[in-house]
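**Student:** If you scroll down you'll find the structure; I have some questions about it.
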Amino acid sequence: MRGFTARKVSQLVLGVSALAIAAPAAAQDAAATVGNPGPSEIQDGAATTEDASEDLIVTGIRASLREAVDIKRNSQGVVDAISAEDIGKFPDTNLAESLQRITGVSIDRQNGEGQLVTVRGFGPEYNLVTLNGRQMPTATLGDGASPPASRSFDFANLASEGISAVEVYKTGRAAVPSGGIGSAINIRTPRPLDKPGMRGSLAVKGVYDESYNEGTEITPEVSGIFSTTFADDRVGILVSGIYQRRKASVNTGSVGFGNSFLGSENDWGTLPQNGTPGSQNVTNRPDQTDVYEVPQSAAYNLTNIDRERINGQAVLQFKPSDALTATFDFTYSRNKIEARDSSVGVWFNFGDTSSAWTDGPVAGPIFYTERFGANSTKDLSYSGSLTANLSENKSFGGNLTWEAPGNVTVSLDAHHSTAESRPSNRFGTSTSVGSAVFGVQEQTLNFENDLPVISYQMRPGVDALNPANINATGNSFRNAYVRDEINQVQLKGRYEHDGNFLDSLDFGFSFIENRVRSAYGFVQNDTWSGVGTPADLPDDLFERVSLPDKFKGVSGANAGIIPAYYRFDFERMVDLLDSRFGICGGDGNCLATFDTDRRLVEKTISPFVQVNTKFDLFGRDAHIVGGVRYDQTTVSASSLTPVPVGTAWAAEGEFNIIYSSQSSFLTNKGSYENWLPAIDVDIQPLENVKLRASYSHTITRADYNALQGGLTLNRQFGIAGGGGNRGNPNLQPFLSKNIDVSAEWYYGRDSYVSAGYFRKKVSNFINSQEIEQSAFELRNPANGPRFRAAQAALGGTTNVALIRDYILRNYPASVEVLRNPDGTPQLANGLYQGRILGLPEDGFVNFRVSTPFNSDQTATIDGFEFAIQHSFWDTGFGTILNYTIVNGDARFNNALDPNVGQFALAGLSDSANAVLFFDKYGFQARAAYNWRAEFYAGGNPNPTYVDAYGQFDASISYEFRQGLTVFAEGINLTGEGRRGHRRSDEFTTFAQPGFARYSAGVRFSF
């Protein structure tokens, strides 16, 4: 779980060898008709067989790889591609899973599937994704509590069956749209006139996911595609449809965290200094210059996922003359995910603690324990949520291509595309309904295993596994809506020259209008200290769930973790609480009214020109391609946000902002422009050897969250203060100056070896600075005369629970005491419950407001790419091996002062692939191992890392009669899990077990 170990390498070698021996693989449907020459017969990629009658029909894996080799070889600049083996048959069931096989491409997974793509160490936000050359909108809801941040395309929304090829442009080109300093990724869909005639396929399969907590369930996937041409191949129609259902589970042991500290700091949440009360309970306390973090919360979450994905496409092409082609297409994708989560967890108040630490300079926790007094209302939390969200993407486009006289081709392309995400239930986007057993006496978090080990001890007489002791607590329902609309018009032209040096001239113009709207609101009841009594919740509402068996394969699962907990029927719980306590207003509808509404309008014009030359060098063809693209972008960011009017101390360590029913609207504007030159050179010094060199400027635009308008404060804050963020629509895009050199030897029709070096110097990095400030004259109820008077009256105690009780009892004019139906105060362990309002005489709340800005720092990212693709003569066997090394000076330094933000780039990591395939005699098989090194996942000034991860996949199929194929595949066959950590590798933030996923089915093609 923590690296590319020898055990994993041996697993790969044994698995690949076994598959190669036991399951030879084969060609499927025809994709290309070419010869099968040896190396000496290849010249400029063309076969020179003497007898054309001996040409072979190459299909399946080999045809797909052959087409990908042709794209790589014949392109200017560094381009890699993956092609479908035939119509409706892509190599992997998930586009991201396919892309990770490309040199320099790695992915991040969510819910057991590839979702986001990193190229050459640049994360998903630095890569531009287009569909048939068109910029696509994206909409993600995230946690429902903030505007969408990322422009990253979510590959989980698209099924692979409707894709013909994916191209990854690693070097900048004037003719390629701007927006990706990592890469520009173009997804191509099939067109009926590209391959005239009638073709199609229909596939049906069942999927079994071992991760599913609720038993064995096989879910269906059905895909079909049909393409035909008529009227002498001048009219073509293509339709495709995909339906996929998947049930899976994600089980997570997680640790929440606050801020990082230096050993010299003495603040809320820090360890006691040597010689002060409590310091004797700290073993190997971090030194004064060491950096450390303490846990704030910990939980075990079991999440059951039900995902339904529908994709469809319709294409109509009309060719009234040989010179004119009209294309109209509609692409639709719908991804509906329902996630039911239940958890057990603890929170830390940083009172009477014991802990042990590793040595510095970055000290990691070995264990962290906290004890609670008899009057404490400390609880063991049983929480649940139901989240059901729907994402819909629609794209309607038209293209008119005219082969005009004079060797000129002109293309006019336009599309209107939308991406929309919204909840598909009556509760909201992100929900949390709490219940708890009060009476925790001691709780411990142990970090000596991959899985954080949570344990607890209740006070005498309190049984945490007796449902009669469970009390309802707080809840929140977050409602969000996101819509991204892109309208784009592109006019492109190409002039083919008949001269000796000038080969062709490309020119064009693009206009993009990008409109993003995000809106969200909250229904929140901060009764975390309890509401009602346990008698309000019937015992049959709860179901006991065991835990150790849900974390099989993760070290620590059998090291004394919480043995079991209770989950509840979410809908029934909410309806019960709403009927008794009105948590949603009493009508059962918990969808919050939007009180924040953000609008972003981004308009970009982009003319370009590109000159393509061809000349003779060393008796062979050489090329120079040079051009420039000009981008001019304007940004208008408007924000309708709620206005804070007060504060309330709602629970022992929880403070809330009170909002007015009124909102204010603010608009900010910004603009920028960029000249983006690009030049590519390639020569062939030897037969079948290509040398390439490229230089280009590329950009990536700031994420939507950074461009937002207005000031947003976190709704909850602590005794020490709160947080917030303010956007900046004047942000300039990231700018990268790129150098690429590579050497490629195509020593066989399907075989090549390549090595390359890349270097990117990136400026205009967007950093975040935290400014400490007050806001809206909000007051801190725990920083004023009442707090100090209570402390004095209680003998100088620091027990926050007792201080709250004193204020609630003695200051009736400024508090709201919770009362029983008979009017008596509600008590918990003898303490008053309620909230304390902030007063003008209290001190201001100190907010750390994060604001993005373009730093003057630069980063240099460089690395090497090595790849080999080899077919073993006419045996049908072949292999693909690649390795990418990424270096850079933009890495996070964990040992630096945690109070200072750093300049760091998320996603930098090495990656590797090993693939063995067989394609002959009607059999087709593939075994693939993908590995990615540990990488920094973000967070500044408090970083998070994801551990190294390796996954072994395999597939096999047999075409037992023409056009009829049976197939099976396995994903993550070795059950590798995932883990993340903070500055110290000891400080685990999440650990998840890994499970295999299997599918099998039948496919008919014609």
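Here, A, B, ... name the chains of the structure tokens in the order displayed, residue numbers run from 1 inside each chain, and ligands are numbered from 1 in the same displayed order.
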Which parts of segment 77-230 of chain A does DSSP call strand (DSSP E or B) when run on the backbone here, written out as a ChimeraX atom specification?
**Tutor:** /A:79-83,86,89,94,105-110,113-119,122,127-131,134-135,159,165-169,183-188,199-209,218-230
**Student:** Would you pick out the contacts of segment 264-278 of chain A at 10 Å or less, using only C-alpha atoms, so that residues sharing its chain but fewer than 2 positions from it are not included, and give the list as a PyMOL selection string?
**Tutor:** chain A and resi 258-262+280-282+285-296+348-355+718-720
**Student:** Among segment 380-543 of chain A, which ones does DSSP place in helix (DSSP H, G or I), written as a VMD selection string?
**Tutor:** chain A and resid 467 to 469 534 to 536 539 to 541
**Student:** Can you tell me, as JSON, numbers by chain, what residues are no more than 9 Å from segment 247-254 of chain A when counting only C-alpha atoms, ignoring any on the same chain fewer than 5 positions away?
**Tutor:** {"A": [110, 111, 112, 207, 208, 209, 210, 211, 212, 213, 214, 217, 218, 219, 297, 298, 299, 300, 301, 302, 303, 304, 305, 306, 307, 308, 339, 451, 452, 453, 550, 551, 988, 989, 990, 991, 992, 993, 994]}
**Student:** Under the rule of at most 9 Å, produce a per-residue listing of segment 335-370 of chain A near segment 439-448 of chain A: chain, number, name, the closest pair of atoms, and the distance in Å, as a tab-separated table, using only C-alpha atoms.
**Tutor:**
```
residue	atom	partner	partner_atom	distance
A:Val346	CA	A:Gln443	CA	7.7
A:Phe348	CA	A:Gln443	CA	8.6
A:Gly364	CA	A:Phe447	CA	8.7
A:Pro365	CA	A:Phe447	CA	6.5
A:Ile366	CA	A:Phe447	CA	5.1
A:Phe367	CA	A:Asn446	CA	4.3
A:Tyr368	CA	A:Leu445	CA	5.2
A:Thr369	CA	A:Thr444	CA	4.2
A:Glu370	CA	A:Gln443	CA	5.6
```
**Student:** Write the selection just made, keeping C-alpha atoms, as an mmCIF file, in the first residue's frame?
**Tutor:**
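The result, written out as again23.cif:
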```
data_model
loop_
_atom_site.group_PDB
_atom_site.id
_atom_site.type_symbol
_atom_site.label_atom_id
_atom_site.label_comp_id
_atom_site.auth_asym_id
_atom_site.auth_seq_id
_atom_site.Cartn_x
_atom_site.Cartn_y
_atom_site.Cartn_z
ATOM 1 C CA VAL A 346 -14.958 10.709 17.754
ATOM 2 C CA PHE A 348 -11.072 15.721 20.252
ATOM 3 C CA GLY A 364 4.299 12.112 13.505
ATOM 4 C CA PRO A 365 1.819 10.829 16.076
ATOM 5 C CA ILE A 366 2.158 7.290 17.410
ATOM 6 C CA PHE A 367 -1.004 7.555 19.516
ATOM 7 C CA TYR A 368 -3.221 10.337 20.775
ATOM 8 C CA THR A 369 -5.536 9.866 23.791
ATOM 9 C CA GLU A 370 -7.991 12.187 25.490
#
```
**Student:** Using only C-alpha atoms, which of A:Glu934, A:Glu744, A:Asp910, A:Asp597 sits nearest Val946 of chain A?
**Tutor:**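 Checking each of A:Glu934, A:Glu744, A:Asp910, A:Asp597 against Val946 of chain A, counting only C-alpha atoms, the winner is A:Glu934.
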